[in-house]
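A.B. asks: Contents are CSV, C-alpha atoms (C1' of nucleotides); file name structure-v4.csv:
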chain,number,residue,atom,x,y,z
T,731,MET,CA,14.8,-83.6,6.9
T,732,ILE,CA,13.4,-83.5,3.4
T,733,ASN,CA,10.3,-85.7,3.2
T,734,THR,CA,10.0,-89.1,1.6
T,735,ARG,CA,8.1,-87.9,-1.5
T,736,PHE,CA,11.4,-87.4,-3.3
T,737,SER,CA,12.6,-91.0,-2.5
T,738,VAL,CA,9.2,-92.4,-3.4
T,739,ALA,CA,9.2,-90.5,-6.7
T,740,ILE,CA,12.5,-92.0,-7.6
T,741,HIS,CA,11.1,-95.4,-6.6
T,742,ILE,CA,8.1,-94.9,-8.8
T,743,LEU,CA,10.1,-93.8,-11.9
T,744,SER,CA,12.5,-96.7,-11.4
T,745,LEU,CA,9.6,-99.2,-11.4
T,746,VAL,CA,7.9,-97.6,-14.4
T,747,SER,CA,11.1,-97.7,-16.4
T,748,ALA,CA,11.8,-101.3,-15.4
T,749,GLN,CA,8.5,-102.7,-16.5
T,750,THR,CA,8.1,-101.6,-20.1
T,751,ASP,CA,5.8,-104.4,-21.2
T,752,LYS,CA,2.7,-104.1,-18.9
T,753,GLY,CA,1.2,-101.0,-17.3
T,754,VAL,CA,2.6,-100.2,-13.9
T,755,THR,CA,-0.4,-99.4,-11.8
T,756,SER,CA,-0.5,-97.4,-8.6
T,757,ASP,CA,-1.5,-100.6,-6.8
T,758,PHE,CA,1.5,-102.5,-8.0
T,759,ILE,CA,3.8,-99.6,-7.1
T,760,ALA,CA,2.2,-99.2,-3.7
T,761,LYS,CA,3.0,-102.8,-2.9
T,762,SER,CA,6.7,-102.3,-3.8
T,763,VAL,CA,7.0,-99.0,-1.9
T,764,ASN,CA,4.8,-100.4,0.9
T,765,THR,CA,2.3,-97.7,1.2
T,766,ASN,CA,-1.3,-96.8,0.1
T,767,PRO,CA,-2.0,-96.5,-3.7
T,768,VAL,CA,-3.4,-93.0,-3.1
T,769,VAL,CA,0.0,-91.9,-1.9
T,770,ILE,CA,1.4,-93.2,-5.2
T,771,ARG,CA,-1.2,-91.5,-7.3
T,772,ARG,CA,-0.6,-88.3,-5.4
T,773,ILE,CA,3.0,-88.3,-6.3
T,774,GLY,CA,2.3,-89.6,-9.7
T,775,SER,CA,0.1,-86.6,-10.3
T,776,LEU,CA,3.0,-84.3,-9.4
T,777,LEU,CA,5.3,-86.2,-11.8
T,778,LYS,CA,2.8,-85.8,-14.6
T,779,LYS,CA,2.6,-82.1,-14.0
T,780,ALA,CA,6.4,-82.0,-14.4
T,781,ASN,CA,6.1,-83.9,-17.6
T,782,LEU,CA,8.0,-87.0,-16.4
T,783,LEU,CA,5.1,-89.4,-16.4
T,784,LYS,CA,2.0,-90.0,-18.5
T,785,GLY,CA,-1.2,-91.9,-17.8
T,786,GLY,CA,-4.6,-90.9,-16.5
T,787,PRO,CA,-8.1,-92.1,-15.6
T,788,GLY,CA,-9.0,-95.1,-17.7
T,789,VAL,CA,-5.4,-95.7,-18.8
T,790,THR,CA,-3.9,-98.6,-16.8
T,791,GLY,CA,-0.6,-97.6,-15.2
T,792,TYR,CA,2.0,-95.0,-15.8
T,793,SER,CA,4.7,-94.7,-18.4
T,794,LEU,CA,7.7,-92.5,-18.9
T,795,VAL,CA,7.6,-89.4,-21.0
T,796,LYS,CA,11.4,-89.3,-21.5
T,797,LYS,CA,14.3,-91.8,-21.4
T,798,PRO,CA,15.9,-92.4,-18.0
T,799,GLN,CA,19.1,-90.8,-19.3
T,800,GLN,CA,17.2,-87.6,-19.9
T,801,ILE,CA,15.6,-87.4,-16.4
T,802,THR,CA,17.8,-85.7,-13.8
T,803,LEU,CA,17.3,-86.2,-10.1
T,804,LEU,CA,16.9,-82.4,-9.9
T,805,GLU,CA,13.9,-82.5,-12.2
T,806,ILE,CA,12.3,-85.2,-9.9
T,807,TYR,CA,13.2,-83.2,-6.8
T,808,LYS,CA,11.7,-80.0,-8.2
T,809,ALA,CA,8.6,-81.9,-9.2
T,810,VAL,CA,7.7,-83.1,-5.7
T,811,THR,CA,9.0,-80.1,-3.7
T,812,THR,CA,6.6,-77.4,-2.8
T,813,GLU,CA,9.1,-75.0,-1.3
T,814,GLU,CA,11.6,-73.2,-3.6
T,815,GLU,CA,14.0,-72.6,-0.7
T,816,LEU,CA,15.8,-75.4,1.1
T,817,PHE,CA,16.6,-73.3,4.2
T,818,ALA,CA,14.1,-71.4,6.1
T,819,ILE,CA,15.1,-67.9,7.3
T,820,HIS,CA,13.3,-66.4,10.3
T,821,ASP,CA,11.1,-63.5,9.4
T,822,GLN,CA,10.7,-60.0,10.9
T,823,PRO,CA,14.2,-59.6,12.5
T,824,ASN,CA,14.6,-56.2,14.1
T,825,PRO,CA,15.2,-53.5,11.5
T,826,ASN,CA,16.6,-51.2,14.3
T,827,CYS,CA,19.6,-53.5,14.8
T,828,ASP,CA,22.6,-53.6,12.4
T,829,VAL,CA,22.5,-57.4,12.3
T,830,GLY,CA,18.7,-57.7,12.3
T,831,ARG,CA,18.4,-55.3,9.4
T,832,ASN,CA,20.9,-57.2,7.1
T,833,ILE,CA,20.7,-60.8,8.3
T,834,GLN,CA,18.1,-61.9,5.8
T,835,ALA,CA,19.8,-60.7,2.7
T,836,THR,CA,23.1,-62.1,4.0
T,837,LEU,CA,21.7,-65.5,4.9
T,838,ASN,CA,19.9,-65.7,1.6
T,839,THR,CA,23.1,-65.2,-0.4
T,840,SER,CA,25.0,-67.6,1.8
T,841,LEU,CA,22.4,-70.4,2.0
T,842,THR,CA,21.4,-70.2,-1.6
T,843,GLN,CA,25.0,-71.2,-2.4
T,844,ALA,CA,24.6,-74.3,-0.3
T,845,GLN,CA,21.3,-75.1,-1.9
T,846,GLN,CA,22.9,-74.6,-5.4
T,847,ALA,CA,25.7,-77.0,-4.6
T,848,MET,CA,23.2,-79.7,-3.6
T,849,GLU,CA,21.0,-79.0,-6.7
T,850,ASN,CA,24.0,-79.1,-9.0
T,851,GLU,CA,24.8,-82.6,-7.7
T,852,LEU,CA,21.2,-83.7,-8.2
T,853,LYS,CA,21.4,-82.3,-11.7
T,854,ARG,CA,24.5,-84.4,-12.4
T,855,GLN,CA,22.7,-87.6,-11.6
T,856,THR,CA,20.0,-89.2,-13.8
T,857,LEU,CA,17.3,-91.8,-13.4
T,858,ALA,CA,19.6,-94.0,-15.6
T,859,ASP,CA,22.3,-93.8,-12.9
T,860,ILE,CA,19.8,-95.0,-10.3
T,861,ILE,CA,18.6,-97.9,-12.5
T,862,GLU,CA,22.1,-98.9,-13.2
T,863,HIS,CA,23.0,-98.8,-9.5
T,864,LEU,CA,19.9,-100.8,-8.7
T,865,SER,CA,20.8,-103.6,-11.0
T,866,LYS,CA,24.4,-103.8,-9.7
T,867,GLN,CA,23.4,-104.3,-6.1
F,1122,MET,CA,12.5,-76.9,4.2
F,1123,ILE,CA,15.1,-76.9,6.9
F,1124,ASN,CA,13.9,-75.2,10.0
F,1125,THR,CA,14.9,-71.7,11.2
F,1126,ARG,CA,17.2,-72.9,14.0
F,1127,PHE,CA,20.1,-72.8,11.6
F,1128,SER,CA,19.4,-69.2,10.5
F,1129,VAL,CA,18.7,-68.1,14.1
F,1130,ALA,CA,22.0,-69.8,15.2
F,1131,ILE,CA,23.9,-67.8,12.7
F,1132,HIS,CA,22.1,-64.6,13.8
F,1133,ILE,CA,23.0,-65.3,17.4
F,1134,LEU,CA,26.7,-65.9,16.7
F,1135,SER,CA,26.8,-62.8,14.5
F,1136,LEU,CA,25.4,-60.7,17.4
F,1137,VAL,CA,27.8,-62.2,19.9
F,1138,SER,CA,30.8,-61.6,17.7
F,1139,ALA,CA,29.7,-58.0,17.0
F,1140,GLN,CA,29.3,-57.0,20.6
F,1141,THR,CA,32.6,-57.8,22.3
F,1142,ASP,CA,32.4,-55.2,25.1
F,1143,LYS,CA,29.2,-56.1,27.0
F,1144,GLY,CA,27.5,-59.4,27.5
F,1145,VAL,CA,25.0,-60.3,24.8
F,1146,THR,CA,22.0,-61.6,26.7
F,1147,SER,CA,19.3,-63.9,25.4
F,1148,ASP,CA,16.9,-61.1,25.9
F,1149,PHE,CA,18.9,-58.7,23.7
F,1150,ILE,CA,19.3,-61.4,21.0
F,1151,ALA,CA,15.6,-62.2,21.2
F,1152,LYS,CA,14.7,-58.6,20.4
F,1153,SER,CA,17.0,-58.6,17.4
F,1154,VAL,CA,15.7,-62.0,16.1
F,1155,ASN,CA,12.2,-61.1,17.1
F,1156,THR,CA,11.3,-64.1,19.1
F,1157,ASN,CA,11.1,-65.3,22.7
F,1158,PRO,CA,14.3,-65.4,24.8
F,1159,VAL,CA,13.7,-69.0,25.6
F,1160,VAL,CA,14.0,-69.8,21.9
F,1161,ILE,CA,17.4,-68.1,22.0
F,1162,ARG,CA,18.6,-69.9,25.1
F,1163,ARG,CA,17.4,-73.2,23.6
F,1164,ILE,CA,19.6,-72.7,20.5
F,1165,GLY,CA,22.3,-71.2,22.6
F,1166,SER,CA,22.3,-74.4,24.6
F,1167,LEU,CA,23.0,-76.4,21.4
F,1168,LEU,CA,25.8,-74.0,20.4
F,1169,LYS,CA,27.4,-74.5,23.8
F,1170,LYS,CA,27.3,-78.3,23.4
F,1171,ALA,CA,29.0,-77.8,20.1
F,1172,ASN,CA,31.7,-75.7,21.8
F,1173,LEU,CA,30.9,-72.6,19.8
F,1174,LEU,CA,29.5,-70.5,22.6
F,1175,LYS,CA,30.2,-70.2,26.3
F,1176,GLY,CA,28.2,-68.7,29.2
F,1177,GLY,CA,25.8,-70.2,31.7
F,1178,PRO,CA,23.5,-69.5,34.7
F,1179,GLY,CA,24.6,-66.5,36.5
F,1180,VAL,CA,26.9,-65.3,33.7
F,1181,THR,CA,25.4,-62.5,31.8
F,1182,GLY,CA,25.3,-63.2,28.1
F,1183,TYR,CA,27.2,-65.4,25.7
F,1184,SER,CA,30.6,-65.2,24.2
F,1185,LEU,CA,32.4,-66.9,21.4
F,1186,VAL,CA,34.7,-69.8,22.1
F,1187,LYS,CA,36.6,-69.5,18.8
F,1188,LYS,CA,37.3,-66.7,16.3
F,1189,PRO,CA,34.7,-66.2,13.6
F,1190,GLN,CA,37.3,-67.3,11.0
F,1191,GLN,CA,37.5,-70.6,12.7
F,1192,ILE,CA,33.7,-71.3,12.8
F,1193,THR,CA,32.4,-72.8,9.6
F,1194,LEU,CA,28.7,-72.8,8.8
F,1195,LEU,CA,28.8,-76.5,8.7
F,1196,GLU,CA,29.7,-76.6,12.4
F,1197,ILE,CA,26.8,-74.4,13.1
F,1198,TYR,CA,24.5,-76.5,11.0
F,1199,LYS,CA,25.6,-79.7,12.7
F,1200,ALA,CA,25.1,-78.1,16.1
F,1201,VAL,CA,21.5,-77.3,15.6
F,1202,THR,CA,20.5,-80.3,13.4
F,1203,THR,CA,19.1,-83.3,15.1
F,1204,GLU,CA,18.9,-85.6,12.0
F,1205,GLU,CA,22.1,-86.8,10.4
F,1206,GLU,CA,20.5,-87.4,7.0
F,1207,LEU,CA,19.2,-84.5,4.9
F,1208,PHE,CA,16.9,-86.7,2.8
F,1209,ALA,CA,14.4,-89.1,4.2
F,1210,ILE,CA,14.1,-92.5,2.6
F,1211,HIS,CA,10.8,-94.4,2.9
F,1212,ASP,CA,11.2,-97.5,5.0
F,1213,GLN,CA,10.1,-101.1,4.6
F,1214,PRO,CA,10.0,-101.3,0.8
F,1215,ASN,CA,9.0,-104.7,-0.5
F,1216,PRO,CA,12.0,-107.1,-0.4
F,1217,ASN,CA,10.3,-109.4,-2.9
F,1218,CYS,CA,10.6,-106.8,-5.6
F,1219,ASP,CA,13.9,-106.2,-7.4
F,1220,VAL,CA,13.5,-102.4,-7.1
F,1221,GLY,CA,12.1,-102.5,-3.5
F,1222,ARG,CA,14.9,-104.7,-2.3
F,1223,ASN,CA,17.7,-102.4,-3.5
F,1224,ILE,CA,16.2,-98.9,-3.6
F,1225,GLN,CA,17.3,-97.9,-0.1
F,1226,ALA,CA,21.0,-98.7,-0.6
F,1227,THR,CA,20.8,-97.0,-4.0
F,1228,LEU,CA,19.1,-93.9,-2.7
F,1229,ASN,CA,21.4,-93.7,0.2
F,1230,THR,CA,24.5,-93.6,-2.1
F,1231,SER,CA,22.9,-91.1,-4.4
F,1232,LEU,CA,21.4,-88.7,-1.9
F,1233,THR,CA,24.4,-88.8,0.4
F,1234,GLN,CA,26.4,-87.3,-2.5
F,1235,ALA,CA,23.9,-84.4,-2.8
F,1236,GLN,CA,24.0,-83.9,1.0
F,1237,GLN,CA,27.8,-83.9,0.8
F,1238,ALA,CA,27.9,-81.3,-1.9
F,1239,MET,CA,25.8,-79.0,0.3
F,1240,GLU,CA,27.8,-79.7,3.4
F,1241,ASN,CA,31.1,-79.0,1.5
F,1242,GLU,CA,29.7,-75.6,0.6
F,1243,LEU,CA,28.7,-74.9,4.2
F,1244,LYS,CA,32.2,-75.9,5.3
F,1245,ARG,CA,33.7,-73.5,2.8
F,1246,GLN,CA,31.9,-70.5,4.5
F,1247,THR,CA,32.7,-69.2,7.9
F,1248,LEU,CA,31.1,-66.9,10.4
F,1249,ALA,CA,33.6,-64.3,9.4
F,1250,ASP,CA,32.2,-64.4,5.9
F,1251,ILE,CA,28.8,-63.7,7.2
F,1252,ILE,CA,29.9,-60.9,9.4
F,1253,GLU,CA,31.8,-59.3,6.5
F,1254,HIS,CA,28.8,-59.6,4.3
F,1255,LEU,CA,26.6,-58.1,7.0
F,1256,SER,CA,28.7,-55.0,7.3
F,1257,LYS,CA,28.9,-54.5,3.5
F,1258,GLN,CA,25.2,-54.4,3.0
X,536,DT,C1',22.2,-61.4,50.3
X,537,DC,C1',19.9,-60.2,46.3
X,538,DA,C1',19.1,-59.0,41.6
X,539,DT,C1',20.0,-60.9,37.2
X,540,DT,C1',20.4,-64.3,33.9
X,541,DT,C1',20.6,-68.9,32.1
X,542,DG,C1',18.8,-73.9,31.7
X,543,DT,C1',15.1,-76.6,31.1
X,544,DA,C1',10.7,-78.7,31.8
X,545,DA,C1',6.0,-78.5,30.4
X,546,DC,C1',2.4,-77.2,27.6
X,547,DA,C1',-0.1,-75.0,23.5
X,548,DA,C1',-0.8,-73.6,18.7
X,549,DT,C1',0.4,-74.4,14.2
X,550,DT,C1',1.8,-76.8,10.3
X,551,DA,C1',3.5,-80.7,7.3
X,552,DT,C1',3.4,-85.4,6.3
X,553,DA,C1',1.5,-89.8,5.4
X,554,DG,C1',-2.2,-92.9,5.5
X,555,DT,C1',-7.1,-93.9,4.6
X,556,DT,C1',-11.8,-93.9,2.7
X,557,DA,C1',-14.9,-92.6,-0.7
X,558,DC,C1',-16.3,-91.5,-5.1
X,559,DA,C1',-16.5,-89.2,-9.7
X,560,DT,C1',-14.2,-89.6,-14.1
X,561,DT,C1',-12.1,-91.8,-17.9
X,562,DT,C1',-10.7,-95.4,-20.9
X,563,DT,C1',-10.6,-99.9,-22.9
X,564,DG,C1',-12.3,-104.4,-24.2
X,565,DT,C1',-16.2,-107.1,-25.1
O,74,DA,C1',-23.4,-99.5,-25.1
O,75,DC,C1',-21.9,-101.5,-21.0
O,76,DA,C1',-19.0,-103.2,-17.5
O,77,DA,C1',-14.6,-103.5,-15.4
O,78,DA,C1',-10.6,-101.4,-14.0
O,79,DA,C1',-7.8,-97.7,-12.9
O,80,DT,C1',-6.7,-92.9,-12.0
O,81,DG,C1',-7.7,-88.0,-9.8
O,82,DT,C1',-8.8,-85.8,-5.9
O,83,DA,C1',-11.4,-84.3,-1.9
O,84,DA,C1',-11.8,-85.0,2.9
O,85,DC,C1',-10.6,-86.6,7.1
O,86,DT,C1',-7.3,-88.6,10.7
O,87,DA,C1',-3.1,-89.6,13.2
O,88,DT,C1',1.4,-88.3,14.1
O,89,DA,C1',5.4,-85.6,14.6
O,90,DA,C1',8.2,-81.4,14.4
O,91,DT,C1',8.5,-76.6,15.2
O,92,DT,C1',8.0,-72.5,17.6
O,93,DG,C1',6.2,-69.7,21.2
O,94,DT,C1',5.1,-69.3,26.1
O,95,DT,C1',5.0,-69.6,31.2
O,96,DA,C1',7.2,-71.0,35.2
O,97,DC,C1',10.8,-71.9,38.1
O,98,DA,C1',15.2,-73.9,39.8
O,99,DA,C1',20.2,-73.0,39.7
O,100,DA,C1',24.2,-70.2,39.4
O,101,DT,C1',26.9,-66.0,39.3
O,102,DG,C1',28.6,-61.6,40.8
O,103,DA,C1',28.2,-57.1,42.8
I'd like the structure from this file rewritten - as structure tokens, please.
C.D. replies:
Amino acid sequence: MINTRFSVAIHILSLVSAQTDKGVTSDFIAKSVNTNPVVIRRIGSLLKKANLLKGGPGVTGYSLVKKPQQITLLEIYKAVTTEEELFAIHDQPNPNCDVGRNIQATLNTSLTQAQQAMENELKRQTLADIIEHLSKQ
Amino acid sequence: MINTRFSVAIHILSLVSAQTDKGVTSDFIAKSVNTNPVVIRRIGSLLKKANLLKGGPGVTGYSLVKKPQQITLLEIYKAVTTEEELFAIHDQPNPNCDVGRNIQATLNTSLTQAQQAMENELKRQTLADIIEHLSKQ
DNA sequence: TCATTTGTAACAATTATAGTTACATTTTGT
DNA sequence: ACAAAATGTAACTATAATTGTTACAAATGA
């Protein structure tokens, strides 16, 4: 299961895009997410590195760098994901075995396709889609 | 990152389908995967519950229940995956907040689509594809 | 009967995640 | 210039999942 950072990141960006008038602080976001403000700042930090959010010490709250239509879920996903690969492949299989020798390359090809399929779908959806869906609930 | 059980499961099934003459024991498989035989039996147990493998106490080694062409990677994935959902969604968001109240349903819709895209790709590939790719390396 | 193998419980080591406290740093408003 | 307020981040903890390991009961077949 992929951790909640991705979900929380989308939550953060949704809140920031909703409140354009006043600064959306980590404390305010934390109350909506129901977690500790440091958890928000930690993820906010990743989103800043990915050029999705701006803000910083002394500046009250975060704001968006781009419009919601220009932010894909894939960008958000990549921003908060440390591992490049979705599927782990066991290491050091036996090179003296026909299967062991070739399994890693084969799995890599195969599983990368599955990961690509998922990422393509995340690329298709934007933060604007999320916001629209949120308001229609 | 999704754990190595899935990769190891594909490795196991590849070995079992390769060696049709003699029984493929957990010890033999463990040497190819480079792990402990109990790890293999544990995953083998899951594959038996999913009706992909047969064998048991007293019977030496495992054998396939179906032909490799009839085993999709999705079946293998589901067999060794305990969680139904690929993406975790943070729980208990604030119901007194417009975003907090609706974020779970929205994320569920959105992320399920990404999961579906991945699963559809896993469904498209079979164990036979893996075996073919292995031999062509 | 006996050797062999699987099934599974139980435990340990390692790692990732999420929550928390604490505090330095930065900005803004007065 | 100063104070208040907020962010950035280090450090630590608790919890849970994963993987490896030992041990042993249960089942099979020669």
A.B. asks: Would you list the contacts of stretch 1132-1147 of chain F as a JSON list (two decimals) with C-alpha atoms (C1' of nucleotides), keeping the file's coordinate frame, taking every protein, DNA or RNA residue within 9 Å and counting all atoms listed in the file, but skipping same-chain residues closer than 3 positions in sequence?
C.D. replies:
[["chain", "number", "residue", "atom", "x", "y", "z"],
["T", 829, "VAL", "CA", 22.50, -57.40, 12.30],
["T", 830, "GLY", "CA", 18.70, -57.70, 12.30],
["T", 833, "ILE", "CA", 20.70, -60.80, 8.30],
["T", 837, "LEU", "CA", 21.70, -65.50, 4.90],
["F", 1127, "PHE", "CA", 20.10, -72.80, 11.60],
["F", 1128, "SER", "CA", 19.40, -69.20, 10.50],
["F", 1129, "VAL", "CA", 18.70, -68.10, 14.10],
["F", 1150, "ILE", "CA", 19.30, -61.40, 21.00],
["F", 1151, "ALA", "CA", 15.60, -62.20, 21.20],
["F", 1152, "LYS", "CA", 14.70, -58.60, 20.40],
["F", 1153, "SER", "CA", 17.00, -58.60, 17.40],
["F", 1154, "VAL", "CA", 15.70, -62.00, 16.10],
["F", 1157, "ASN", "CA", 11.10, -65.30, 22.70],
["F", 1158, "PRO", "CA", 14.30, -65.40, 24.80],
["F", 1159, "VAL", "CA", 13.70, -69.00, 25.60],
["F", 1160, "VAL", "CA", 14.00, -69.80, 21.90],
["F", 1161, "ILE", "CA", 17.40, -68.10, 22.00],
["F", 1162, "ARG", "CA", 18.60, -69.90, 25.10],
["F", 1164, "ILE", "CA", 19.60, -72.70, 20.50],
["F", 1165, "GLY", "CA", 22.30, -71.20, 22.60],
["F", 1168, "LEU", "CA", 25.80, -74.00, 20.40],
["F", 1173, "LEU", "CA", 30.90, -72.60, 19.80],
["F", 1174, "LEU", "CA", 29.50, -70.50, 22.60],
["F", 1180, "VAL", "CA", 26.90, -65.30, 33.70],
["F", 1181, "THR", "CA", 25.40, -62.50, 31.80],
["F", 1182, "GLY", "CA", 25.30, -63.20, 28.10],
["F", 1183, "TYR", "CA", 27.20, -65.40, 25.70],
["F", 1184, "SER", "CA", 30.60, -65.20, 24.20],
["F", 1185, "LEU", "CA", 32.40, -66.90, 21.40],
["F", 1188, "LYS", "CA", 37.30, -66.70, 16.30],
["F", 1189, "PRO", "CA", 34.70, -66.20, 13.60],
["F", 1248, "LEU", "CA", 31.10, -66.90, 10.40],
["F", 1249, "ALA", "CA", 33.60, -64.30, 9.40],
["F", 1251, "ILE", "CA", 28.80, -63.70, 7.20],
["F", 1252, "ILE", "CA", 29.90, -60.90, 9.40],
["F", 1255, "LEU", "CA", 26.60, -58.10, 7.00],
["X", 540, "DT", "C1'", 20.40, -64.30, 33.90],
["X", 541, "DT", "C1'", 20.60, -68.90, 32.10]]
A.B. asks: Quick one: which chain O residues come within 9 Å of chain F, and what is the nearest atom pair for each with the distance in Å to one decimal, counting only C-alpha atoms (C1' of nucleotides), rows ordered by chain and ascending number, as a tab-separated table?
C.D. replies:
residue	atom	partner	partner_atom	distance
O:DT91	C1'	F:Asn1124	CA	7.6
O:DT92	C1'	F:Val1160	CA	7.9
O:DG93	C1'	F:Asn1157	CA	6.8
O:DT94	C1'	F:Asn1157	CA	8.0
O:DA99	C1'	F:Pro1178	CA	6.9
O:DA100	C1'	F:Gly1179	CA	4.7
O:DT101	C1'	F:Gly1179	CA	3.7
O:DG102	C1'	F:Gly1179	CA	7.6
A.B. asks: Using all atoms listed in the file, I'd like a table of the residues in chain X that come within 12 Å of chain F; for each, show the closest atom pair and its distance in Å rounded to one decimal, ordered by chain and ascending number, as a tab-separated table.
C.D. replies:
residue	atom	partner	partner_atom	distance
X:DA538	C1'	F:Gly1179	CA	10.6
X:DT539	C1'	F:Gly1179	CA	7.3
X:DT540	C1'	F:Gly1179	CA	5.4
X:DT541	C1'	F:Pro1178	CA	3.9
X:DG542	C1'	F:Pro1178	CA	7.1
X:DT543	C1'	F:Arg1163	CA	8.5
X:DA544	C1'	F:Val1159	CA	11.9
X:DA551	C1'	F:Met1122	CA	10.2
X:DT552	C1'	F:Ala1209	CA	11.8
X:DA553	C1'	F:His1211	CA	10.7
A.B. asks: Would you save the residues from that selection as a short mmCIF file (atom, residue, chain, number, x, y, z; two decimals), in the frame of the given file, using C-alpha atoms (C1' of nucleotides)?
C.D. replies:
data_model
loop_
_atom_site.label_atom_id
_atom_site.label_comp_id
_atom_site.auth_asym_id
_atom_site.auth_seq_id
_atom_site.Cartn_x
_atom_site.Cartn_y
_atom_site.Cartn_z
"C1'" DA X 538 19.10 -59.00 41.60
"C1'" DT X 539 20.00 -60.90 37.20
"C1'" DT X 540 20.40 -64.30 33.90
"C1'" DT X 541 20.60 -68.90 32.10
"C1'" DG X 542 18.80 -73.90 31.70
"C1'" DT X 543 15.10 -76.60 31.10
"C1'" DA X 544 10.70 -78.70 31.80
"C1'" DA X 551 3.50 -80.70 7.30
"C1'" DT X 552 3.40 -85.40 6.30
"C1'" DA X 553 1.50 -89.80 5.40
#
A.B. asks: Between atom CA of T:Phe758 and atom CA of T:Thr802, measure the distance and give it in Å to one decimal.
C.D. replies: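 Calculated distance between atom CA of T:Phe758 and atom CA of T:Thr802 is 24.1 Å.
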A.B. asks: Compare T:Arg831, T:Lys866, T:Thr811, T:Leu816 by their minimum atom-to-atom distance to chain F, counting all atoms listed in the file, and give me the closest one.
C.D. replies: T:Leu816
A.B. asks: For chain T, which residue out of F:Met1122, F:Leu1232, F:Ala1130, F:Val1201 is the nearest one, using all atoms listed in the file?
C.D. replies: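 Residue with the minimum atom-to-atom distance to chain T: F:Met1122.
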A.B. asks: Just how far from atom CA of F:Thr1230 is atom CA of F:Ile1210, in Å to one decimal?
C.D. replies: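 So the answer is 11.5 Å.
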A.B. asks: Got a sec: who's within 7 Å of T:Leu852, counting all atoms listed in the file, leaving out chain neighbours fewer than 5 positions off, as a PyMOL selection string?
C.D. replies: (chain T and resi 802-804) or (chain F and resi 1235)
A.B. asks: In Å, how far is it from atom C1' of O:DT80 to atom C1' of X:DT561?
C.D. replies: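 So the two atoms, atom C1' of O:DT80 and atom C1' of X:DT561, lie 8.1 Å apart.
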A.B. asks: Rank T:Asn781, T:Ser865, T:Thr842, T:Phe817 by their smallest atom-to-atom distance to chain F, using only C-alpha atoms, and report the top residue only.
C.D. replies: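 Selected residue with least distance to chain F: T:Phe817.
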A.B. asks: Could you tell me which of F:Lys1199, F:His1254, F:His1211, F:Arg1245 comes closest to T:Ala835 if we count all atoms listed in the file?
C.D. replies: F:His1254
A.B. asks: Between T:Thr812, T:Lys778, T:Ile740, T:Asn824, which has the minimum distance to chain F (counting all atoms listed in the file)?
C.D. replies: T:Asn824
A.B. asks: Name the closest residue to chain T among the candidates F:Ile1197, F:Ala1209, F:Gln1190, F:Lys1175; distances are taken between atoms, counting only C-alpha atoms.
C.D. replies: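 Distance minimum relative to chain T lands on F:Ala1209.
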